[in-house]
4 protein chains.
Amino acid sequence: MNDATLPSRMGGTLSLLERYRTVRSRTEALAAPLSAEDCAIQSMPDASPVKWHLGHTSWFFETFVLDPNVAGYRLHDPAFRVLFNSYYNAVGDQHPRPQRGLLSRPALEAVRAYRARIDGHMAELLADAGRAAPLAALIELGLNHEQQHQELMLTDVKHLLWCNPLKPAYAIGGRNDGAGPSPLRWIGFDEGLVEIGHEGPAFSFDNETPRHREYLNRYALASRLVTNGEFAAFIADRGYRRPELWLSEGWDWRCANGVTAPLYWEDAAGSRAFGLHGVRPLDPAAPVCHVSLFEADAYARWAGARLPTEAEWEHAARDATVEGHFAEDGVFDPQPAQANGRLGQLFGDVWEWTRSAYAPYPGFRPAPGAVGEYNGKFMCNQYVLRGGSCATPRSHMRPTYRNFFPAAARWQFSGFRLARDA
Amino acid sequence: MNDATLPSRMGGTLSLLERYRTVRSRTEALAAPLSAEDCAIQSMPDASPVKWHLGHTSWFFETFVLDPNVAGYRLHDPAFRVLFNSYYNAVGDQHPRPQRGLLSRPALEAVRAYRARIDGHMAELLADAGRAAPLAALIELGLNHEQQHQELMLTDVKHLLWCNPLKPAYAIGGRNDGAGPSPLRWIGFDEGLVEIGHEGPAFSFDNETPRHREYLNRYALASRLVTNGEFAAFIADRGYRRPELWLSEGWDWRCANGVTAPLYWEDAAGSRAFGLHGVRPLDPAAPVCHVSLFEADAYARWAGARLPTEAEWEHAARDATVEGHFAEDGVFDPQPAQANGRLGQLFGDVWEWTRSAYAPYPGFRPAPGAVGEYNGKFMCNQYVLRGGSCATPRSHMRPTYRNFFPAAARWQFSGFRLARDA
Amino acid sequence: MNDATLPSRMGGTLSLLERYRTVRSRTEALAAPLSAEDCAIQSMPDASPVKWHLGHTSWFFETFVLDPNVAGYRLHDPAFRVLFNSYYNAVGDQHPRPQRGLLSRPALEAVRAYRARIDGHMAELLADAGRAAPLAALIELGLNHEQQHQELMLTDVKHLLWCNPLKPAYAIGGRNDGAGPSPLRWIGFDEGLVEIGHEGPAFSFDNETPRHREYLNRYALASRLVTNGEFAAFIADRGYRRPELWLSEGWDWRCANGVTAPLYWEDAAGSRAFGLHGVRPLDPAAPVCHVSLFEADAYARWAGARLPTEAEWEHAARDATVEGHFAEDGVFDPQPAQANGRLGQLFGDVWEWTRSAYAPYPGFRPAPGAVGEYNGKFMCNQYVLRGGSCATPRSHMRPTYRNFFPAAARWQFSGFRLARDA
Amino acid sequence: MNDATLPSRMGGTLSLLERYRTVRSRTEALAAPLSAEDCAIQSMPDASPVKWHLGHTSWFFETFVLDPNVAGYRLHDPAFRVLFNSYYNAVGDQHPRPQRGLLSRPALEAVRAYRARIDGHMAELLADAGRAAPLAALIELGLNHEQQHQELMLTDVKHLLWCNPLKPAYAIGGRNDGAGPSPLRWIGFDEGLVEIGHEGPAFSFDNETPRHREYLNRYALASRLVTNGEFAAFIADRGYRRPELWLSEGWDWRCANGVTAPLYWEDAAGSRAFGLHGVRPLDPAAPVCHVSLFEADAYARWAGARLPTEAEWEHAARDATVEGHFAEDGVFDPQPAQANGRLGQLFGDVWEWTRSAYAPYPGFRPAPGAVGEYNGKFMCNQYVLRGGSCATPRSHMRPTYRNFFPAAARWQFSGFRLARDA
């Protein structure tokens, strides 16, 4: 599934139609190893069936691009308007999220036919530059939306397969060679006024705007992510048994759920873990993954450090190249850092928890219309993650990108980097 | 799916091998209209995926017949020992019931291969009369067990399809002609000592034994089942709004679940209901179906009557022929009674709730070994239903048969008949 | 609190007024050791605050006797009509049961004033034989109702005090001398038609009627109750760890609640237990107490026996004298059996679980009017207990008395006796 | 209860002993109108019984001041070490918070005796300047801690009394004269670097430190709080029915809880509300109170505004005098703003929700030792409120004070002020 021909930055020299085809076909490639049964089941309310992701991403184009803008367009199936609506109240009713897994119909083949029909209409539209131009921003949003769901397909199917006592693999696949352990160095940053957030003509989500000033004290960031081996040392030092290391709500969560290791670990030593290639040995030098904010925060306290704020992270990453281990590599496991002592692993591998609550930037305004529900209404009781993961499409990432999940979420490819006051 | 060639009584002139093949192929015929997706999903903890039923019924033969009795038998897949164990603690661990719907693997095709392999071994065994003879009772138990799961496949998939807002049909099918309404007559029975329960060489489950004496007061039974039209009159008379008509626990159940009509009714007037052929008009003269014991009991109180005890029912049905509308008819909806004023509809159409708690008969002893877990351990907080339904195989039914479900269960084809003291 | 002057049978030579005063003052005597705080708190939804019991028993006389029958009677407080209504839908709204413990007002003193006012009106009414006579049956029902709540006051406050880590005592009190262990003998009964149920002019609840015939197979009953020492042997033999001994629903209950011993035991050896006199050593020869039907049934299966049916119990007890350890003794702990080998401990000590589901007797008709809600509507998913306990008033008991609780209930003084087929 | 003699700023000319006595006796004065029953009951897990507050505040002095620092000190009752420990893991086990209401013992009088004994020891200690001096900061923390619990006593007992259908009053009391409505004006602030947080020798909690820089864009604050009348207009405009006005989690909360008005309102028009003086008419010009962050945020969106950040609020309030309606007034209802058009109502009346998640300030370090658990471990999934309320002691408040509650909390005296980008 290594896909070296994908552009490293969206919107490069590809036409919008080419980009549309690239992203859409990538979605189908990700679903290809899965049976209709694999695609139909929902393993928990937080996750969705792959079939639903396939339908919903098409629904986005039908609902926001085709239906309002193509004269005489007829809905593929009026029932899909509700079935595949995720959370857009402005569009109307929604099939309840926890019941997405009850839909044996429409069949996977019917959803693929839906995708094909949408693709046909979109190709027609995109072939007509005059009609497509005013819709380019919306279509670009739809493609970035679809890339987000590509990652969710992987995280959701990983959870589903893990729930199965047979522990089946999603794919049999390559694995990067393990580099050795890399020493942790602290990279310092001066205090001062900085600017973060997105500006300019390139695509971003509305939650990355407006670009604005933040004042930062002196701080230092770890040169690399916290590793499996380091996290195993935290466990061995009774890290999951010492309430003084934990946020109060995190301790309650740990106790209520009997958590003793990262999700998908087979034991507390981190010797083996379940992944998209099945159960395999875990590389101690690779970044720890599938931890909640609570676990990341407890580890940081144990280590005498803290998590970075999102402003600290973005300031540090502002000029970095977006390179790292992404979904296109087809590996789907985070890889060890290079031992060069420089600030690294900023992009790909694992999403990095920050200590920043997901909140509107000063001056934030949601996009007008229904797509304004995309981000703003979730700015409560969630925390920001940065940098993308080994399940994120490379072309989807940039330094200003803000991902967000509740503090207890673990089924994403989430890890962390240490920070400290300097 | 009308299957007129099936024997009307098990064990007739069919050899055990012929009967084995008949029952097993009937299971597959029932699953035939369903996709792999339809067969994989679990709509509620009470129900199981069709795929699980297909596996579990084969597991029964493998675990109790082949594995202990065929020299050198190798398990088809050791993981299936746990995956398809329903509740037999003596056999070992069980995959948790509420998680049966998380199993996208083994694929439906793999489960069918499992069935085929079991069938091959069973055919070999059954072809050898000397080896088969001592196992005949166990194999007969396995076939009756499979017939029970045939009915559960229908009730469980009905529930699943109903959960889908598209309200898809399981099959497009025939429907018997609606007879007109039939007047309700009361059939009286004298007081006295009677005998109920199974005796003799023909097959029965252990819970039907031993045959024993019961003393009955004078009583009367309604000549036919309560109809949709009659139940709609109860609703129109505010039956669901008057606590004085309900058992206390029934009223709490009604309020907590907002129940206002039988399950699958589209409205409180009973004009349309969902069924295995999709949403269709409801025949007012047909028996009301998919009601809980609570609803049946409230209706009976409203009507100035009561539900029969299981002894009253069995005594009345002791000499009746097992005829009525069964699964082999392929209609899957209960049909109106014949207007002859005789005691009718005892068999088929709908299971009839009795007021009898499911309890051991005097002198009851569970079967020895693991199959002793089949019935006895469920004799608590359940109520007895009698007579079979339009989803029951005809050859599975007899007057002594005891079905049992919790008072709140509605997804079975459950209705009722009135009784009164005479 | 030993109260030797109480009549051993209700309705003896006492006038109704004298009996009214005796029962009512007994209620207050039971509450006397408790503070206002003790009386206000509700430890679980199944239990009620003592203050609520004090109010509700007065509400019964106000609502069913005074208000409809005393010309010009004015309700003490209209709000009490709702606050102290337990479950009589015919009377109107009810304060929700799980919120009875939120009522710091009316204060305990205000509830006592309510009792006093009701007592004044009742004394006036009862002094007038002509007016009282037609109400005698209703008043007798009210007194028996109050005696039931006397027992509930003890069981509910026992649970409350046990929830307190200080494990405070309700009263410091006498304790009967421990008799030695008594051998268990089996007392046999012939098969045949018997009659059970209440008949005649003496008081009974409606659920004890009508007297009717039952056919019994030959059976035997244990001469005494199962003891703490015997139950400890069951535990030592891994009784709580062997699913084959349990009803399916019982095993689920055991696992979900982590049950490893009877309620109030301090350890699995039964060396000490919490009681109304605080934590004290447990007498191995005394009857085991505070077990659910599930535990009683599992023990019986382990012992190669079973629980009796209520008909078997009543037939055996039909001519026995109602004597034993009752609430009037003020001991509130069951006592060892006498070692005479005769059928004993039928009354008092502990309520005896039967295997009989609580159901209407053949021909049962609830009492007319609102008091018809007293018993009949609870005839579902409960099991019958017989014989009274050390917290039951002696004058309240008779051989036909049917108590009933859900199979999982343990906070009553509930034990059991073995039975077997003979 | 108007207590004009209290110092307006802590630490003024009062000696620490005088201040100790003032605060402690104020706690008892607040409990004085309540019965032992009122003080024992817990109405929800978020709230605690008044008796527990009385014990816990004494436990604080015993555990952190007396026990470690007074030679030969003997604990009043070792069981209290656990019973009255709120959440200090470093101190040891804690009686579970949701079970604080099960403690009928120790009796209220016994808890008062505990207070008296602690007060005796503390008076002795404080009379000895040499011993007291090094403990002054800790004792000051204990007094501020006790003042927080004074407010919680009021909010918790308000909730308890409201749960009672009798709707009893805590106290019969005075009420300030209603001023007329006051026009809302916008007060603008320039962009720039500001400093917030506490610095200097006066007392503050650790979460107010360190003082640090924040960059603020231009913004404006409303001159006064949002009123009942304004909030009623939001409701009348279907504010609780329009999901587009709500945070996603807020909308789910609203639907799951059927919220249609602020807590304690008797109707959606805001004509009457329950308060500590019972149910009374609501002043449309008074600040709306007992709203969640979700409701405040939805109102702000409806009004085309937003909530302030805590930095914006603190910068605006940095030089304001701490004056307003506080607990000492004994009114316990927020009062209308003065119609002078200046920035007002910053202190007292209602806590003001901000949009700021409760997080550590840059460079924050928890206090060393067990009291380090006071604040830091709660910095997750809570939001900051500013300014104090009509239930806050005046001497407890300052511009840098950070209160915090989950977004759904409503039982505090919580309201809000609008902000907007300028």
# chains A, B, ... in the order shown; residues from 1 in each chain; ligands from 1
$ select_by_dssp --residues "stretch 159-227 of chain D" --states "strand (DSSP E or B)" --output "PyMOL selection string"
chain D and resi 186-189+192-196+212-216+219-222+227
$ residues_around --residues "stretch 242-257 of chain A" --least-positions-apart "2" --cutoff "10 Å" --atoms "only C-alpha atoms" --output "ChimeraX atom specification"
/A:237-240,259-261,292-303,407-408 /D:87-90,370,372-373,375-381
$ interface_residues --of "chain B" --to "chain A" --cutoff "7 Å" --atoms "only C-alpha atoms" --output "list in words"
Ala36, Glu37, Asp38, Ala40, Ile41, Ser43, Leu102, Leu103, Ser104, Leu160, Cys163 and Asn164 of chain B
$ atom_distance --atom1 "atom CA of D:Thr309" --atom2 "atom CA of A:Phe416"
27.2 Å
$ residues_around --residues "stretch 117-133 of chain C" --least-positions-apart "6" --cutoff "7 Å" --atoms "only C-alpha atoms" --output "PyMOL selection string"
chain C and resi 17+58+62
$ residues_around --residues "B:Asn228" --least-positions-apart "4" --cutoff "9 Å" --atoms "only C-alpha atoms" --output "number ranges by chain"
B: 232-233, 270, 282-289
$ closest_residue --among "D:Met397, D:Leu14, D:Ile235, D:Leu193" --to "A:Tyr215" --atoms "only C-alpha atoms"
D:Leu193
$ atom_distance --atom1 "atom CA of D:Pro183" --atom2 "atom CA of D:Phe332"
23.8 Å
$ atom_distance --atom1 "atom CA of C:Pro399" --atom2 "atom CA of B:Asp190"
29.5 Å
$ select_by_dssp --residues "stretch 44-248 of chain D" --states "helix (DSSP H, G or I)" --output "PyMOL selection string"
chain D and resi 50-69+78-83+97-102+108-127+129-163+206-208+228-236+239-241+243-245+248
$ residues_around --residues "C:Ala32" --least-positions-apart "3" --cutoff "12 Å" --atoms "only C-alpha atoms" --output "PyMOL selection string"
chain C and resi 1+25-29+35-36+38-39+50-51+54+108+112+153-154+170-171
$ residues_around --residues "stretch 342-351 of chain D" --least-positions-apart "4" --cutoff "10 Å" --atoms "only C-alpha atoms" --output "JSON, numbers by chain"
{"D": [184, 185, 186, 187, 221, 222, 223, 224, 225, 286, 287, 288, 289, 290, 313, 314, 316, 317, 320, 321, 322, 323, 324, 325, 326, 327, 331, 332, 333, 334, 335, 336, 337, 338, 384, 385, 386, 387, 388, 389, 390, 391, 392, 393, 394, 397, 398, 399, 403, 404, 412, 413, 414, 415, 416, 417]}
$ residues_around --residues "A:Ala220" --least-positions-apart "2" --cutoff "9 Å" --atoms "only C-alpha atoms" --output "short mmCIF file (atom, residue, chain, number, x, y, z; two decimals) with all heavy atoms, in the first residue's frame"
data_model
loop_
_atom_site.label_atom_id
_atom_site.label_comp_id
_atom_site.auth_asym_id
_atom_site.auth_seq_id
_atom_site.Cartn_x
_atom_site.Cartn_y
_atom_site.Cartn_z
N TRP A 186 17.08 17.98 25.12
CA TRP A 186 16.11 19.07 25.32
C TRP A 186 16.46 20.21 24.40
O TRP A 186 17.59 20.69 24.40
CB TRP A 186 16.13 19.55 26.78
CG TRP A 186 15.56 18.52 27.72
CD1 TRP A 186 16.24 17.62 28.46
CD2 TRP A 186 14.17 18.29 27.96
NE1 TRP A 186 15.38 16.82 29.17
CE2 TRP A 186 14.09 17.22 28.88
CE3 TRP A 186 12.98 18.87 27.49
CZ2 TRP A 186 12.88 16.72 29.35
CZ3 TRP A 186 11.78 18.38 27.95
CH2 TRP A 186 11.72 17.31 28.87
N ILE A 187 15.50 20.66 23.64
CA ILE A 187 15.69 21.77 22.70
C ILE A 187 15.02 23.00 23.31
O ILE A 187 13.81 22.99 23.55
CB ILE A 187 15.04 21.45 21.34
CG1 ILE A 187 15.38 20.02 20.89
CG2 ILE A 187 15.39 22.49 20.30
CD1 ILE A 187 16.83 19.77 20.62
N GLY A 188 15.81 24.03 23.56
CA GLY A 188 15.28 25.20 24.26
C GLY A 188 14.72 26.27 23.33
O GLY A 188 15.16 26.41 22.18
N PHE A 189 13.76 27.05 23.84
CA PHE A 189 13.15 28.15 23.08
C PHE A 189 13.04 29.36 23.99
O PHE A 189 12.71 29.24 25.17
CB PHE A 189 11.77 27.75 22.57
CG PHE A 189 11.82 26.63 21.58
CD1 PHE A 189 11.79 25.30 22.01
CD2 PHE A 189 11.94 26.89 20.22
CE1 PHE A 189 11.85 24.27 21.10
CE2 PHE A 189 11.99 25.84 19.31
CZ PHE A 189 11.95 24.53 19.74
N ASP A 190 13.31 30.51 23.42
CA ASP A 190 13.28 31.74 24.22
C ASP A 190 11.87 32.21 24.48
O ASP A 190 10.94 31.87 23.75
CB ASP A 190 14.04 32.85 23.48
CG ASP A 190 15.54 32.66 23.63
OD1 ASP A 190 15.95 31.98 24.61
OD2 ASP A 190 16.27 33.16 22.76
N ARG A 218 10.04 31.02 28.50
CA ARG A 218 11.09 30.11 28.03
C ARG A 218 10.64 28.67 28.26
O ARG A 218 10.03 28.37 29.28
CB ARG A 218 12.39 30.37 28.77
CG ARG A 218 13.02 31.73 28.47
CD ARG A 218 14.37 31.85 29.18
NE ARG A 218 15.31 30.86 28.66
CZ ARG A 218 16.41 30.47 29.32
NH1 ARG A 218 16.68 30.97 30.51
NH2 ARG A 218 17.21 29.56 28.78
N ALA A 222 11.35 18.04 24.28
CA ALA A 222 12.17 16.86 24.04
C ALA A 222 12.43 16.71 22.55
O ALA A 222 11.56 17.03 21.73
CB ALA A 222 11.47 15.62 24.59
N PRO A 308 3.66 19.70 26.45
CA PRO A 308 3.72 21.05 25.86
C PRO A 308 2.33 21.63 25.66
O PRO A 308 1.34 20.91 25.60
CB PRO A 308 4.41 20.82 24.51
CG PRO A 308 4.20 19.39 24.19
CD PRO A 308 4.02 18.65 25.49
N GLU A 312 3.40 26.19 22.16
CA GLU A 312 4.81 25.80 22.23
C GLU A 312 5.15 24.84 21.10
O GLU A 312 6.19 24.94 20.44
CB GLU A 312 5.11 25.14 23.58
CG GLU A 312 5.09 26.14 24.75
CD GLU A 312 5.15 25.46 26.11
OE1 GLU A 312 4.85 24.24 26.20
OE2 GLU A 312 5.48 26.13 27.10
N LEU A 418 7.66 15.15 25.75
CA LEU A 418 7.79 15.92 26.99
C LEU A 418 8.18 17.36 26.72
O LEU A 418 8.82 17.67 25.71
CB LEU A 418 8.85 15.28 27.90
CG LEU A 418 8.54 13.87 28.39
CD1 LEU A 418 9.68 13.34 29.25
CD2 LEU A 418 7.23 13.84 29.17
N ALA A 419 7.81 18.22 27.65
CA ALA A 419 8.24 19.62 27.64
C ALA A 419 8.62 19.98 29.07
O ALA A 419 8.31 19.27 30.02
CB ALA A 419 7.11 20.53 27.15
N ARG A 420 9.32 21.10 29.20
CA ARG A 420 9.56 21.62 30.55
C ARG A 420 9.82 23.11 30.50
O ARG A 420 10.17 23.66 29.44
CB ARG A 420 10.70 20.86 31.23
CG ARG A 420 12.04 21.01 30.58
CD ARG A 420 13.10 20.16 31.31
NE ARG A 420 14.42 20.48 30.81
CZ ARG A 420 15.51 19.73 31.00
NH1 ARG A 420 15.42 18.60 31.68
NH2 ARG A 420 16.69 20.09 30.52
N ASP A 421 9.65 23.73 31.64
CA ASP A 421 10.00 25.15 31.75
C ASP A 421 11.51 25.26 31.74
O ASP A 421 12.20 24.44 32.34
CB ASP A 421 9.45 25.73 33.06
CG ASP A 421 7.94 25.60 33.13
OD1 ASP A 421 7.29 25.59 32.06
OD2 ASP A 421 7.41 25.49 34.25
N ALA A 422 12.00 26.27 31.07
CA ALA A 422 13.46 26.39 30.96
C ALA A 422 13.96 27.53 31.85
O ALA A 422 13.20 28.42 32.21
CB ALA A 422 13.86 26.65 29.52
#
